[in-house]
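> First, the structure itself, so that you have it in front of you.
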Amino acid sequence: MPGLQTIINHCDSIMIDRRRVMGVQFTRSEIAKTSETPTRNPWRFTLGLSAQLDYNSNRDLLEAIDHLDRRLPQQISFSTVTGASPGLSYVFKYLAGSLTQTQQNLLQVASFTGNQLSLTGLPAIGGFSSNTVLFQSGDLIQINGYPYPFTVVGPAKVDDVNIFPGPVVRGNSDTVTFTVHRPNFITGSVVGLGVNIGNNCLFNMFCQNMPIYKLVPGGSNALIEWQSSFQLYEYTDVNPSDLQYYYYQTQ
Amino acid sequence: MSNLSTTITNYLSTSTAIRDAEFVRITIFQPPRPDGTTVAETTYSFSNSYKPETVTDTSGISSSAVATFTPLGGLLTISGHQRDLSATAYDTQITLVGIDQTQISRVLEVGQNSDGSFHSGLKGSQIQIWRGFYDTEYQLLDSPQLRYTGIITSYHISEDRNSDIDTFVLALQASSFKTVLENRFAGRHTNGQSWNTYNGQTVLPDYNTNGIPTNANYDSAMDSVSAIYDVTFNFGLPVTS
């Protein structure tokens, strides 16, 4: 079904904004001090779409866009599995690449406290060594049932101040713990749930400015020209039961 | 927080970043039912943090020891706070959006519920604001510190409509207790009963046979007032015979 996924599949550019809510001050000795509000740090995509879609073939897209308006979110992804254009698979590709899809399917959340995520169900030592890289910094992880992707920053926190970006290795334990880019804001229990990795991750986005469109005629058809870019904003204030309602729109 | 000063020093010297969130609790005191039975107070606890936080109130000031603060996406802003060593009266304002329509009546004035009971509006309810700090794991450090206690004195709902973009915000104006106390109405009732009540006891005149009060503590200044009570009397006109 057309919708925001169609816009992503055809867009010319994607601008990604993951900045936090933060203030910066400089002391008299010119040391920068920051103050951060611990938010859910939503994903924000700005999609540029030129006048390339024709009107006759995309009447259903326009209806979907008008229905979504600035009020309803839709789940999108960058994987062909969930309907994305094959050309987009590189955007959030699984960088480490060591886990096969079968192995990824066996991973489960052991705990998720703050920004420290622990996974269990790891491949046994043997095929994997303790130094096998499971995740590279920048890999995406999304917990099944909760379409909110988290990026891997690096290994588990080492002290109160420093978090070091870098690869996350298998280790010798039954679980691996690492730091993700934002804290766990999911109110339900996530222990035991599976995960999606890389471009299989789902995003729950709505368009906060949903642009209006103009038809540029040519013969018995027209090109759709959008008034502005599409500013997608992650919709994180949703209960799982509500998500089922929104999810049907992507099927 | 026994090591508060140490913590602050550590932050100043070793950290260049802090993470903090505001925690707000509004306690609405409900009027009794028509049959006189009391109704429990209603408490709303919310924050601008990213997740629910259950906080034990160590200050001992609030009415409930433990509360879970909902991460209200609708909490927009909290205005600045003034902190003085001496008791200082100042106002603050919190701004909310996205109030559920089933809860709007809680915002408005006193009204009657479907079961016959009454509810208070937000005006007059108690408001407390804490500030909590987070570590690099986004875990709450210690208990949030109480920084404001006051009463909601007014609210206003504003609409900003610009073409097809229509936004509503609810702004709550809160005054500290000191401001509320300063707003008392000074003055005295102009009747004899009020002027002759001392420490909850009525001071009797003990009139003598000539109608003169003999009790030295009795104040007769209002005695003439009762004589003209409920009498049509045209003050200010010249006396004509």
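Residues in the structure tokens are numbered from 1 in each chain, the chains being A, B, ... in the order shown, and ligands are numbered from 1 in the order shown.
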With chain B as the partner and 7 Å as the cut-off, tabulate the residues of chain A that qualify, each row holding the nearest pair of atoms and their distance in Å to one decimal, using only C-alpha atoms, sorted by chain and rising number, as JSON lines.


{"residue": "A:Ala32", "atom": "CA", "partner": "B:Thr16", "partner_atom": "CA", "distance": 6.6}
{"residue": "A:Lys33", "atom": "CA", "partner": "B:Thr16", "partner_atom": "CA", "distance": 4.7}
{"residue": "A:Thr34", "atom": "CA", "partner": "B:Ala17", "partner_atom": "CA", "distance": 4.5}
{"residue": "A:Ser35", "atom": "CA", "partner": "B:Ile18", "partner_atom": "CA", "distance": 4.9}
{"residue": "A:Glu36", "atom": "CA", "partner": "B:Arg19", "partner_atom": "CA", "distance": 4.5}
{"residue": "A:Thr37", "atom": "CA", "partner": "B:Arg19", "partner_atom": "CA", "distance": 5.5}
{"residue": "A:Pro38", "atom": "CA", "partner": "B:Ser49", "partner_atom": "CA", "distance": 5.6}
{"residue": "A:Thr39", "atom": "CA", "partner": "B:Tyr50", "partner_atom": "CA", "distance": 4.7}
{"residue": "A:Arg40", "atom": "CA", "partner": "B:Tyr50", "partner_atom": "CA", "distance": 5.3}
{"residue": "A:Gly114", "atom": "CA", "partner": "B:Glu137", "partner_atom": "CA", "distance": 5.1}
{"residue": "A:Asn115", "atom": "CA", "partner": "B:Glu137", "partner_atom": "CA", "distance": 5.2}
{"residue": "A:Gln116", "atom": "CA", "partner": "B:Glu137", "partner_atom": "CA", "distance": 6.8}
{"residue": "A:Asp160", "atom": "CA", "partner": "B:Thr136", "partner_atom": "CA", "distance": 6.3}
{"residue": "A:Val161", "atom": "CA", "partner": "B:Thr136", "partner_atom": "CA", "distance": 6.4}
{"residue": "A:Pro183", "atom": "CA", "partner": "B:Tyr138", "partner_atom": "CA", "distance": 6.2}
{"residue": "A:Phe185", "atom": "CA", "partner": "B:Lys51", "partner_atom": "CA", "distance": 5.1}

> Which of range 15-234 of chain A counts as alpha helix (DSSP H) under DSSP, as a PyMOL selection string please?

chain A and resi 59-68+101-106

> Take the residues just selected and output them with N, CA and C atoms as a short mmCIF file (atom, residue, chain, number, x, y, z; two decimals), in the first residue's frame.


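Final file, part_33.cif:
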data_model
loop_
_atom_site.label_atom_id
_atom_site.label_comp_id
_atom_site.auth_asym_id
_atom_site.auth_seq_id
_atom_site.Cartn_x
_atom_site.Cartn_y
_atom_site.Cartn_z
N ARG A 59 -2.66 8.06 -7.95
CA ARG A 59 -3.84 8.59 -7.28
C ARG A 59 -3.98 7.99 -5.88
N ASP A 60 -3.66 6.67 -5.77
CA ASP A 60 -3.77 6.03 -4.45
C ASP A 60 -2.72 6.57 -3.48
N LEU A 61 -1.55 6.93 -4.00
CA LEU A 61 -0.54 7.54 -3.13
C LEU A 61 -1.05 8.87 -2.57
N LEU A 62 -1.63 9.67 -3.45
CA LEU A 62 -2.11 10.98 -2.99
C LEU A 62 -3.21 10.81 -1.94
N GLU A 63 -4.07 9.80 -2.16
CA GLU A 63 -5.13 9.57 -1.18
C GLU A 63 -4.53 9.15 0.16
N ALA A 64 -3.50 8.30 0.10
CA ALA A 64 -2.84 7.87 1.34
C ALA A 64 -2.19 9.06 2.03
N ILE A 65 -1.54 9.90 1.25
CA ILE A 65 -0.88 11.09 1.83
C ILE A 65 -1.91 12.00 2.49
N ASP A 66 -3.03 12.21 1.79
CA ASP A 66 -4.06 13.09 2.34
C ASP A 66 -4.72 12.47 3.58
N HIS A 67 -4.79 11.14 3.59
CA HIS A 67 -5.39 10.47 4.76
C HIS A 67 -4.45 10.55 5.97
N LEU A 68 -3.18 10.29 5.72
CA LEU A 68 -2.22 10.37 6.83
C LEU A 68 -2.14 11.78 7.38
N GLN A 101 21.17 -14.33 9.00
CA GLN A 101 19.78 -14.03 9.35
C GLN A 101 19.24 -15.04 10.36
N THR A 102 19.63 -16.31 10.21
CA THR A 102 19.19 -17.33 11.17
C THR A 102 19.72 -17.03 12.56
N GLN A 103 20.99 -16.63 12.62
CA GLN A 103 21.57 -16.29 13.93
C GLN A 103 20.93 -15.03 14.52
N GLN A 104 20.62 -14.09 13.66
CA GLN A 104 19.95 -12.87 14.14
C GLN A 104 18.59 -13.21 14.74
N ASN A 105 17.91 -14.18 14.11
CA ASN A 105 16.58 -14.55 14.60
C ASN A 105 16.61 -15.19 15.97
N LEU A 106 17.76 -15.70 16.39
CA LEU A 106 17.87 -16.36 17.69
C LEU A 106 18.20 -15.39 18.82
#

> Contacts of Leu107 in chain A at 8 Å or less, counting only C-alpha atoms, minus same-chain residues fewer than 3 places along, as a ChimeraX atom specification?

/A:103-104,119-122,194-195

> Taking only C-alpha atoms into account, which of B:Val110, B:Leu146, B:Ile94, B:Ile127 comes nearest Tyr44 in chain B?

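With only C-alpha atoms as the atom set, the closest residue is B:Ile127.
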
> List the spatial neighbours of range 219-228 of chain A as an NGL selection string - criterion: any atom at most 12 Å away, only C-alpha atoms, same-chain residues fewer than 2 positions off excluded.

:A and (7 or 11 or 46-59 or 61-62 or 65 or 207-217 or 230-231)
